[in-house]
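Shown next: entry-v7.txt, containing compact mmCIF, N, CA and C atoms.
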# COMPACT_ATOMS: atom_id res chain seq x y z
N MET O 1 10.40 -17.30 52.89
CA MET O 1 9.33 -16.74 52.10
C MET O 1 9.86 -15.93 50.93
N ALA O 2 10.94 -15.19 51.15
CA ALA O 2 11.54 -14.40 50.08
C ALA O 2 12.09 -15.32 48.99
N PHE O 3 12.54 -16.50 49.42
CA PHE O 3 13.08 -17.44 48.45
C PHE O 3 11.99 -17.96 47.53
N ASP O 4 10.80 -18.22 48.04
CA ASP O 4 9.69 -18.71 47.23
C ASP O 4 9.26 -17.67 46.21
N ARG O 5 9.26 -16.43 46.63
CA ARG O 5 8.87 -15.35 45.72
C ARG O 5 9.88 -15.20 44.59
N LYS O 6 11.16 -15.25 44.92
CA LYS O 6 12.20 -15.15 43.90
C LYS O 6 12.13 -16.33 42.93
N ALA O 7 11.84 -17.49 43.45
CA ALA O 7 11.73 -18.68 42.60
C ALA O 7 10.53 -18.57 41.66
N ALA O 8 9.44 -18.03 42.17
CA ALA O 8 8.25 -17.85 41.33
C ALA O 8 8.50 -16.85 40.22
N LYS O 9 9.16 -15.74 40.55
CA LYS O 9 9.48 -14.73 39.52
C LYS O 9 10.42 -15.32 38.48
N ALA O 10 11.40 -16.08 38.93
CA ALA O 10 12.34 -16.68 38.00
C ALA O 10 11.64 -17.68 37.09
N ALA O 11 10.69 -18.41 37.61
CA ALA O 11 9.96 -19.39 36.80
C ALA O 11 9.10 -18.69 35.75
N ILE O 12 8.56 -17.53 36.09
CA ILE O 12 7.72 -16.80 35.14
C ILE O 12 8.58 -16.20 34.03
N THR O 13 9.69 -15.56 34.40
CA THR O 13 10.51 -14.88 33.40
C THR O 13 11.37 -15.83 32.59
N ASN O 14 11.71 -16.96 33.13
CA ASN O 14 12.57 -17.91 32.43
C ASN O 14 11.78 -19.06 31.80
N GLN O 15 10.54 -18.81 31.42
CA GLN O 15 9.71 -19.86 30.84
C GLN O 15 10.29 -20.30 29.49
N SER O 16 10.40 -21.54 29.30
CA SER O 16 10.96 -22.09 28.07
C SER O 16 9.96 -21.93 26.93
N LYS O 17 10.46 -21.59 25.78
CA LYS O 17 9.61 -21.45 24.59
C LYS O 17 9.25 -22.80 23.99
N ASP O 18 9.90 -23.86 24.44
CA ASP O 18 9.64 -25.19 23.92
C ASP O 18 8.55 -25.92 24.70
N ASP O 19 7.98 -25.27 25.67
CA ASP O 19 6.95 -25.89 26.50
C ASP O 19 5.64 -25.95 25.72
N PRO O 20 5.10 -27.13 25.40
CA PRO O 20 3.88 -27.22 24.59
C PRO O 20 2.66 -26.65 25.30
N GLU O 21 2.58 -26.79 26.60
CA GLU O 21 1.43 -26.22 27.32
C GLU O 21 1.46 -24.69 27.27
N PHE O 22 2.68 -24.16 27.40
CA PHE O 22 2.83 -22.71 27.33
C PHE O 22 2.46 -22.20 25.94
N ASN O 23 2.94 -22.88 24.91
CA ASN O 23 2.63 -22.48 23.54
C ASN O 23 1.13 -22.57 23.26
N GLU O 24 0.50 -23.61 23.78
CA GLU O 24 -0.94 -23.77 23.60
C GLU O 24 -1.70 -22.66 24.33
N ALA O 25 -1.27 -22.32 25.53
CA ALA O 25 -1.92 -21.24 26.28
C ALA O 25 -1.73 -19.91 25.58
N LEU O 26 -0.53 -19.66 25.05
CA LEU O 26 -0.28 -18.41 24.31
C LEU O 26 -1.14 -18.34 23.05
N SER O 27 -1.22 -19.45 22.34
CA SER O 27 -2.03 -19.49 21.12
C SER O 27 -3.51 -19.27 21.44
N GLY O 28 -3.97 -19.91 22.51
CA GLY O 28 -5.37 -19.72 22.91
C GLY O 28 -5.66 -18.30 23.32
N ALA O 29 -4.71 -17.67 24.03
CA ALA O 29 -4.89 -16.28 24.45
C ALA O 29 -4.91 -15.35 23.24
N HIS O 30 -4.04 -15.62 22.29
CA HIS O 30 -4.01 -14.81 21.07
C HIS O 30 -5.31 -14.95 20.29
N ASP O 31 -5.79 -16.16 20.14
CA ASP O 31 -7.06 -16.39 19.44
C ASP O 31 -8.22 -15.70 20.16
N TYR O 32 -8.20 -15.75 21.48
CA TYR O 32 -9.24 -15.11 22.27
C TYR O 32 -9.22 -13.59 22.06
N GLN O 33 -8.03 -12.99 22.08
CA GLN O 33 -7.92 -11.55 21.84
C GLN O 33 -8.37 -11.20 20.43
N LEU O 34 -8.05 -12.04 19.46
CA LEU O 34 -8.47 -11.80 18.08
C LEU O 34 -9.99 -11.85 17.96
N LYS O 35 -10.61 -12.81 18.62
CA LYS O 35 -12.08 -12.92 18.58
C LYS O 35 -12.73 -11.73 19.26
N ILE O 36 -12.15 -11.27 20.35
CA ILE O 36 -12.70 -10.08 21.03
C ILE O 36 -12.59 -8.86 20.11
N ALA O 37 -11.46 -8.69 19.45
CA ALA O 37 -11.28 -7.56 18.52
C ALA O 37 -12.27 -7.65 17.36
N GLN O 38 -12.48 -8.85 16.81
CA GLN O 38 -13.44 -9.02 15.72
C GLN O 38 -14.85 -8.69 16.18
N GLU O 39 -15.21 -9.12 17.37
CA GLU O 39 -16.55 -8.82 17.89
C GLU O 39 -16.73 -7.33 18.14
N ASN O 40 -15.70 -6.67 18.65
CA ASN O 40 -15.78 -5.22 18.86
C ASN O 40 -15.93 -4.49 17.53
N ASN O 41 -15.20 -4.92 16.51
CA ASN O 41 -15.32 -4.30 15.19
C ASN O 41 -16.69 -4.55 14.58
N ARG O 42 -17.21 -5.77 14.74
CA ARG O 42 -18.54 -6.07 14.22
C ARG O 42 -19.60 -5.22 14.91
N HIS O 43 -19.45 -5.06 16.20
CA HIS O 43 -20.40 -4.25 16.96
C HIS O 43 -20.32 -2.77 16.52
N ALA O 44 -19.10 -2.25 16.37
CA ALA O 44 -18.94 -0.86 15.93
C ALA O 44 -19.53 -0.65 14.54
N GLU O 45 -19.34 -1.63 13.65
CA GLU O 45 -19.90 -1.53 12.29
C GLU O 45 -21.42 -1.56 12.33
N THR O 46 -22.00 -2.41 13.15
CA THR O 46 -23.45 -2.49 13.27
C THR O 46 -24.02 -1.19 13.82
N MET O 47 -23.36 -0.63 14.82
CA MET O 47 -23.82 0.64 15.41
C MET O 47 -23.72 1.77 14.39
N ARG O 48 -22.65 1.81 13.62
CA ARG O 48 -22.50 2.86 12.61
C ARG O 48 -23.57 2.73 11.53
N ARG O 49 -23.85 1.50 11.13
CA ARG O 49 -24.88 1.27 10.12
C ARG O 49 -26.25 1.75 10.61
N GLN O 50 -26.53 1.51 11.88
CA GLN O 50 -27.81 1.95 12.44
C GLN O 50 -27.84 3.47 12.61
N ASP O 51 -26.71 4.08 12.92
CA ASP O 51 -26.66 5.53 13.10
C ASP O 51 -26.80 6.28 11.78
N LEU O 52 -26.37 5.67 10.68
CA LEU O 52 -26.42 6.36 9.40
C LEU O 52 -27.85 6.60 8.92
N GLY O 53 -28.71 5.65 9.07
CA GLY O 53 -30.08 5.79 8.59
C GLY O 53 -30.16 5.60 7.09
N PHE O 54 -31.34 5.93 6.53
CA PHE O 54 -31.58 5.72 5.11
C PHE O 54 -30.73 6.65 4.25
N ILE O 55 -30.76 7.93 4.55
CA ILE O 55 -30.01 8.90 3.74
C ILE O 55 -28.51 8.67 3.91
N GLY O 56 -28.10 8.34 5.11
CA GLY O 56 -26.69 8.09 5.36
C GLY O 56 -26.16 6.90 4.57
N ARG O 57 -26.97 5.87 4.42
CA ARG O 57 -26.54 4.71 3.62
C ARG O 57 -26.42 5.09 2.14
N ALA O 58 -27.27 6.00 1.69
CA ALA O 58 -27.23 6.41 0.29
C ALA O 58 -26.10 7.39 0.01
N PHE O 59 -25.83 8.32 0.95
CA PHE O 59 -24.88 9.40 0.69
C PHE O 59 -23.62 9.34 1.53
N GLY O 60 -23.50 8.43 2.45
CA GLY O 60 -22.29 8.35 3.26
C GLY O 60 -22.51 8.95 4.64
N GLY O 61 -21.43 9.17 5.34
CA GLY O 61 -21.48 9.66 6.71
C GLY O 61 -21.72 11.15 6.81
N GLU O 62 -21.52 11.64 8.03
CA GLU O 62 -21.81 13.04 8.30
C GLU O 62 -20.83 13.99 7.63
N LYS O 63 -19.71 13.49 7.15
CA LYS O 63 -18.74 14.36 6.48
C LYS O 63 -19.03 14.52 4.99
N SER O 64 -19.46 13.46 4.33
CA SER O 64 -19.65 13.52 2.88
C SER O 64 -21.10 13.75 2.46
N ALA O 65 -22.06 13.40 3.29
CA ALA O 65 -23.47 13.50 2.90
C ALA O 65 -23.90 14.93 2.56
N PRO O 66 -23.53 15.95 3.35
CA PRO O 66 -23.96 17.31 2.99
C PRO O 66 -23.43 17.75 1.63
N THR O 67 -22.23 17.35 1.28
CA THR O 67 -21.67 17.73 -0.01
C THR O 67 -22.42 17.05 -1.15
N TYR O 68 -22.73 15.78 -1.00
CA TYR O 68 -23.48 15.07 -2.04
C TYR O 68 -24.89 15.66 -2.20
N ILE O 69 -25.52 15.97 -1.10
CA ILE O 69 -26.87 16.53 -1.18
C ILE O 69 -26.82 17.92 -1.81
N ALA O 70 -25.81 18.73 -1.47
CA ALA O 70 -25.67 20.05 -2.10
C ALA O 70 -25.43 19.91 -3.60
N PHE O 71 -24.70 18.87 -4.00
CA PHE O 71 -24.49 18.64 -5.42
C PHE O 71 -25.80 18.31 -6.12
N LEU O 72 -26.61 17.47 -5.50
CA LEU O 72 -27.92 17.14 -6.09
C LEU O 72 -28.82 18.38 -6.16
N VAL O 73 -28.76 19.22 -5.13
CA VAL O 73 -29.54 20.46 -5.14
C VAL O 73 -29.06 21.37 -6.27
N MET O 74 -27.74 21.44 -6.47
CA MET O 74 -27.22 22.25 -7.56
C MET O 74 -27.69 21.72 -8.91
N LEU O 75 -27.67 20.40 -9.09
CA LEU O 75 -28.16 19.83 -10.34
C LEU O 75 -29.64 20.13 -10.55
N ALA O 76 -30.43 20.04 -9.48
CA ALA O 76 -31.86 20.34 -9.59
C ALA O 76 -32.07 21.81 -9.94
N GLY O 77 -31.27 22.69 -9.34
CA GLY O 77 -31.37 24.11 -9.66
C GLY O 77 -31.02 24.40 -11.10
N MET O 78 -29.99 23.74 -11.60
CA MET O 78 -29.61 23.95 -13.01
C MET O 78 -30.68 23.39 -13.95
N ALA O 79 -31.23 22.24 -13.60
CA ALA O 79 -32.31 21.68 -14.42
C ALA O 79 -33.51 22.61 -14.42
N GLY O 80 -33.83 23.18 -13.26
CA GLY O 80 -34.93 24.13 -13.17
C GLY O 80 -34.67 25.37 -14.00
N THR O 81 -33.43 25.83 -14.01
CA THR O 81 -33.06 27.00 -14.81
C THR O 81 -33.28 26.74 -16.30
N PHE O 82 -32.78 25.61 -16.76
CA PHE O 82 -32.96 25.29 -18.19
C PHE O 82 -34.43 25.08 -18.54
N TYR O 83 -35.19 24.49 -17.65
CA TYR O 83 -36.62 24.33 -17.90
C TYR O 83 -37.30 25.70 -18.01
N CYS O 84 -36.98 26.60 -17.11
CA CYS O 84 -37.59 27.94 -17.15
C CYS O 84 -37.18 28.69 -18.41
N TRP O 85 -35.93 28.54 -18.85
CA TRP O 85 -35.50 29.21 -20.08
C TRP O 85 -36.24 28.66 -21.29
N THR O 86 -36.48 27.35 -21.33
CA THR O 86 -37.22 26.80 -22.46
C THR O 86 -38.67 27.27 -22.44
N GLN O 87 -39.26 27.37 -21.24
CA GLN O 87 -40.64 27.87 -21.14
C GLN O 87 -40.71 29.34 -21.51
N ALA O 88 -39.70 30.11 -21.14
CA ALA O 88 -39.68 31.54 -21.47
C ALA O 88 -39.57 31.75 -22.98
N GLY O 89 -38.84 30.88 -23.65
CA GLY O 89 -38.70 31.01 -25.10
C GLY O 89 -39.92 30.54 -25.87
N ALA O 90 -40.77 29.75 -25.23
CA ALA O 90 -41.91 29.17 -25.95
C ALA O 90 -43.19 29.99 -25.81
N VAL O 91 -43.21 30.99 -24.95
CA VAL O 91 -44.46 31.74 -24.70
C VAL O 91 -44.30 33.20 -25.09
N GLU O 92 -45.42 33.94 -25.02
CA GLU O 92 -45.38 35.36 -25.38
C GLU O 92 -44.63 36.17 -24.31
N SER O 93 -44.36 37.41 -24.60
CA SER O 93 -43.46 38.23 -23.77
C SER O 93 -44.01 38.50 -22.37
N ALA O 94 -45.31 38.56 -22.16
CA ALA O 94 -45.85 38.84 -20.83
C ALA O 94 -45.56 37.69 -19.87
N VAL O 95 -45.70 36.48 -20.34
CA VAL O 95 -45.44 35.32 -19.49
C VAL O 95 -43.94 35.00 -19.48
N ALA O 96 -43.22 35.41 -20.51
CA ALA O 96 -41.79 35.15 -20.59
C ALA O 96 -41.05 35.84 -19.45
N GLU O 97 -41.55 36.99 -19.03
CA GLU O 97 -40.91 37.69 -17.90
C GLU O 97 -41.03 36.86 -16.61
N PHE O 98 -42.17 36.23 -16.41
CA PHE O 98 -42.36 35.37 -15.24
C PHE O 98 -41.34 34.22 -15.26
N TRP O 99 -41.24 33.54 -16.41
CA TRP O 99 -40.31 32.41 -16.51
C TRP O 99 -38.86 32.88 -16.41
N SER O 100 -38.58 34.06 -16.87
CA SER O 100 -37.23 34.61 -16.75
C SER O 100 -36.86 34.84 -15.28
N LYS O 101 -37.80 35.38 -14.50
CA LYS O 101 -37.55 35.58 -13.07
C LYS O 101 -37.38 34.24 -12.34
N GLN O 102 -38.18 33.27 -12.74
CA GLN O 102 -38.05 31.95 -12.12
C GLN O 102 -36.70 31.31 -12.46
N ALA O 103 -36.23 31.55 -13.69
CA ALA O 103 -34.92 31.03 -14.09
C ALA O 103 -33.82 31.69 -13.26
N GLU O 104 -33.94 33.00 -13.00
CA GLU O 104 -32.95 33.69 -12.16
C GLU O 104 -32.94 33.11 -10.75
N ARG O 105 -34.10 32.86 -10.20
CA ARG O 105 -34.19 32.30 -8.86
C ARG O 105 -33.60 30.89 -8.80
N SER O 106 -33.90 30.12 -9.81
CA SER O 106 -33.39 28.75 -9.86
C SER O 106 -31.87 28.74 -10.02
N LEU O 107 -31.35 29.67 -10.81
CA LEU O 107 -29.91 29.79 -10.99
C LEU O 107 -29.24 30.24 -9.68
N ALA O 108 -29.88 31.16 -8.97
CA ALA O 108 -29.34 31.59 -7.67
C ALA O 108 -29.34 30.43 -6.67
N PHE O 109 -30.36 29.61 -6.70
CA PHE O 109 -30.44 28.43 -5.84
C PHE O 109 -29.29 27.47 -6.14
N ALA O 110 -29.04 27.23 -7.43
CA ALA O 110 -27.95 26.34 -7.84
C ALA O 110 -26.60 26.95 -7.46
N ALA O 111 -26.46 28.26 -7.62
CA ALA O 111 -25.20 28.92 -7.29
C ALA O 111 -24.92 28.88 -5.79
N SER O 112 -25.96 29.00 -4.97
CA SER O 112 -25.75 28.92 -3.52
C SER O 112 -25.33 27.51 -3.11
N ALA O 113 -25.88 26.49 -3.75
CA ALA O 113 -25.46 25.12 -3.47
C ALA O 113 -24.01 24.90 -3.91
N LEU O 114 -23.63 25.46 -5.04
CA LEU O 114 -22.26 25.36 -5.52
C LEU O 114 -21.30 26.10 -4.58
N ALA O 115 -21.72 27.26 -4.09
CA ALA O 115 -20.90 28.01 -3.13
C ALA O 115 -20.73 27.21 -1.84
N TYR O 116 -21.75 26.51 -1.42
CA TYR O 116 -21.65 25.66 -0.22
C TYR O 116 -20.62 24.56 -0.44
N ILE O 117 -20.65 23.94 -1.62
CA ILE O 117 -19.72 22.85 -1.90
C ILE O 117 -18.28 23.36 -1.85
N PHE O 118 -17.99 24.48 -2.51
CA PHE O 118 -16.63 25.00 -2.53
C PHE O 118 -16.24 25.62 -1.19
N GLY O 119 -17.18 26.20 -0.49
CA GLY O 119 -16.90 26.76 0.82
C GLY O 119 -16.61 25.67 1.83
N ARG O 120 -17.25 24.55 1.70
CA ARG O 120 -17.04 23.43 2.61
C ARG O 120 -15.67 22.80 2.37
N GLY O 121 -15.20 22.83 1.14
CA GLY O 121 -13.93 22.22 0.82
C GLY O 121 -12.73 22.99 1.34
N THR O 122 -12.88 24.26 1.68
CA THR O 122 -11.76 25.06 2.15
C THR O 122 -11.52 24.94 3.64
N LYS O 123 -12.39 24.23 4.37
CA LYS O 123 -12.21 24.11 5.82
C LYS O 123 -11.05 23.22 6.16
Would you mind giving the structure from this file in structure tokens?
Amino acid sequence: MAFDRKAAKAAITNQSKDDPEFNEALSGAHDYQLKIAQENNRHAETMRRQDLGFIGRAFGGEKSAPTYIAFLVMLAGMAGTFYCWTQAGAVESAVAEFWSKQAERSLAFAASALAYIFGRGTK
């Protein structure tokens, strides 16, 4: 019985590389592993696409989306500031104070979004 086991081990380890059946089996196994890896990657990509949602597809994943959104908020705050300044310059002094305060608030909003962007980058 020990002789049969030794012969089996020797046959496995001393397999000839010129054996066409062996080469075909190796090639088939390699192709099978490649197809499994491709299917796993396709599945992971599909799951990630579904997890991202609408905003995630537009702005990226959970690492980059907050920064992009903060940038858009900063741009909106700056646009609001310039709009308020133009309105303050076009009206009389009583209403100009209102637009001036709104411009300050809009500028503070834009500055907080900018602080978030730079604060996030230092982590």
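With only N, CA and C atoms as the atoms that count, the minimum distance from Trp99 (chain O) to the choices O:Ala79, O:Ala25, O:Cys84, O:Ile69 is reached by O:Cys84.
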Considering only N, CA and C atoms, can you say which of O:Ala88, O:Ala76, O:Leu26, O:Ala8 comes closest to Phe109 (chain O)?
O:Ala76
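We find atom N of Glu45 (chain O) and CA of Glu62 (chain O) to be spaced 15.8 Å apart.
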Determine, counting all atoms listed in the file, which protein, DNA and RNA residues have an atom within 8 Å of an atom of Ala111 (chain O); residues of the same chain fewer than 4 positions away are not included. Present the result as a PyMOL selection string.
chain O and resi 73-74+77-78+105-107+115-117
Let me make sure I understand: among O:Thr67, O:Asn23, O:Asn40, O:Thr46, which one has the smallest atom-to-atom distance to Arg120 (chain O) if we use all atoms listed in the file?
O:Thr67
Can you sort out the box for region 103-114 of chain O, edges along x, y and z, all listed atoms in, 4 Å on every side, with centre and edge lengths in Å to one decimal, as lines of an AutoDock Vina configuration file?
center_x = -28.8
center_y = 29.3
center_z = -8.6
size_x = 22.9
size_y = 16.8
size_z = 19.0
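Distance-wise, CA of Ala103 (chain O) and CA of Phe82 (chain O) end up 7.3 Å apart.
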Hey, can you check how far CA of Thr86 (chain O) sits from CA of Ser100 (chain O)?
9.7 Å
For Glu104 (chain O), list every protein, DNA or RNA residue within 8 Å, evaluated using all atoms listed in the file, and leave out those in the same chain fewer than 6 positions away; present the list as a list in words.
Gly80, Thr81, Cys84, Trp85, Phe98 and Ala110 of chain O
Ser64 (chain O) environment, 12 Å, only C-alpha atoms, sequence neighbours closer than 5 positions dropped, as a ChimeraX atom specification:
/O:52,55-59,69-71,117,120-121
Because some atoms of region 51-62 of chain O are absent here, can you restore all heavy atoms and send them as a CSV table (one decimal), in the frame of the given file?
chain,number,residue,atom,x,y,z
O,51,ASP,N,-26.7,4.1,12.9
O,51,ASP,CA,-26.7,5.5,13.1
O,51,ASP,C,-26.8,6.3,11.8
O,51,ASP,O,-27.3,7.4,11.8
O,51,ASP,CB,-25.4,5.9,13.8
O,51,ASP,CG,-25.3,5.6,15.2
O,51,ASP,OD1,-26.4,5.3,15.8
O,51,ASP,OD2,-24.2,5.6,15.8
O,52,LEU,N,-26.4,5.7,10.7
O,52,LEU,CA,-26.4,6.4,9.4
O,52,LEU,C,-27.8,6.6,8.9
O,52,LEU,O,-28.2,7.6,8.4
O,52,LEU,CB,-25.7,5.6,8.3
O,52,LEU,CG,-24.1,5.6,8.4
O,52,LEU,CD1,-23.5,4.7,7.3
O,52,LEU,CD2,-23.6,7.0,8.2
O,53,GLY,N,-28.7,5.6,9.1
O,53,GLY,CA,-30.1,5.8,8.6
O,53,GLY,C,-30.2,5.6,7.1
O,53,GLY,O,-29.2,5.2,6.4
O,54,PHE,N,-31.3,5.9,6.5
O,54,PHE,CA,-31.6,5.7,5.1
O,54,PHE,C,-30.7,6.6,4.2
O,54,PHE,O,-30.1,6.2,3.3
O,54,PHE,CB,-33.1,5.9,4.8
O,54,PHE,CG,-33.4,5.8,3.3
O,54,PHE,CD1,-33.4,4.5,2.7
O,54,PHE,CD2,-33.7,6.9,2.6
O,54,PHE,CE1,-33.6,4.4,1.4
O,54,PHE,CE2,-34.0,6.8,1.2
O,54,PHE,CZ,-33.9,5.5,0.6
O,55,ILE,N,-30.8,7.9,4.6
O,55,ILE,CA,-30.0,8.9,3.7
O,55,ILE,C,-28.5,8.7,3.9
O,55,ILE,O,-27.7,8.8,3.0
O,55,ILE,CB,-30.4,10.3,4.1
O,55,ILE,CG1,-31.9,10.6,3.6
O,55,ILE,CG2,-29.5,11.4,3.5
O,55,ILE,CD1,-32.4,11.9,3.9
O,56,GLY,N,-28.1,8.3,5.1
O,56,GLY,CA,-26.7,8.1,5.4
O,56,GLY,C,-26.2,6.9,4.6
O,56,GLY,O,-25.0,6.9,4.1
O,57,ARG,N,-27.0,5.9,4.4
O,57,ARG,CA,-26.5,4.7,3.6
O,57,ARG,C,-26.4,5.1,2.1
O,57,ARG,O,-25.6,4.6,1.4
O,57,ARG,CB,-27.5,3.6,3.8
O,57,ARG,CG,-27.3,2.8,5.0
O,57,ARG,CD,-28.2,1.6,5.2
O,57,ARG,NE,-28.8,1.7,6.5
O,57,ARG,CZ,-30.0,1.4,6.7
O,57,ARG,NH1,-30.8,1.0,5.8
O,57,ARG,NH2,-30.5,1.5,7.9
O,58,ALA,N,-27.3,6.0,1.7
O,58,ALA,CA,-27.2,6.4,0.3
O,58,ALA,C,-26.1,7.4,0.0
O,58,ALA,O,-25.5,7.3,-1.0
O,58,ALA,CB,-28.6,7.0,-0.1
O,59,PHE,N,-25.8,8.3,1.0
O,59,PHE,CA,-24.9,9.4,0.7
O,59,PHE,C,-23.6,9.3,1.5
O,59,PHE,O,-22.8,10.2,1.4
O,59,PHE,CB,-25.6,10.8,0.9
O,59,PHE,CG,-26.7,11.0,0.0
O,59,PHE,CD1,-28.0,11.1,0.4
O,59,PHE,CD2,-26.4,11.2,-1.4
O,59,PHE,CE1,-29.0,11.3,-0.5
O,59,PHE,CE2,-27.4,11.5,-2.3
O,59,PHE,CZ,-28.7,11.5,-1.8
O,60,GLY,N,-23.5,8.4,2.4
O,60,GLY,CA,-22.3,8.4,3.3
O,60,GLY,C,-22.5,9.0,4.6
O,60,GLY,O,-23.6,9.2,5.0
O,61,GLY,N,-21.4,9.2,5.3
O,61,GLY,CA,-21.5,9.7,6.7
O,61,GLY,C,-21.7,11.2,6.8
O,61,GLY,O,-22.0,11.8,5.8
O,62,GLU,N,-21.5,11.6,8.0
O,62,GLU,CA,-21.8,13.0,8.3
O,62,GLU,C,-20.8,14.0,7.6
O,62,GLU,O,-21.1,15.2,7.5
O,62,GLU,CB,-21.8,13.3,9.8
O,62,GLU,CG,-20.6,13.0,10.5
O,62,GLU,CD,-20.5,11.5,11.0
O,62,GLU,OE1,-21.4,10.7,10.8
O,62,GLU,OE2,-19.4,11.1,11.4
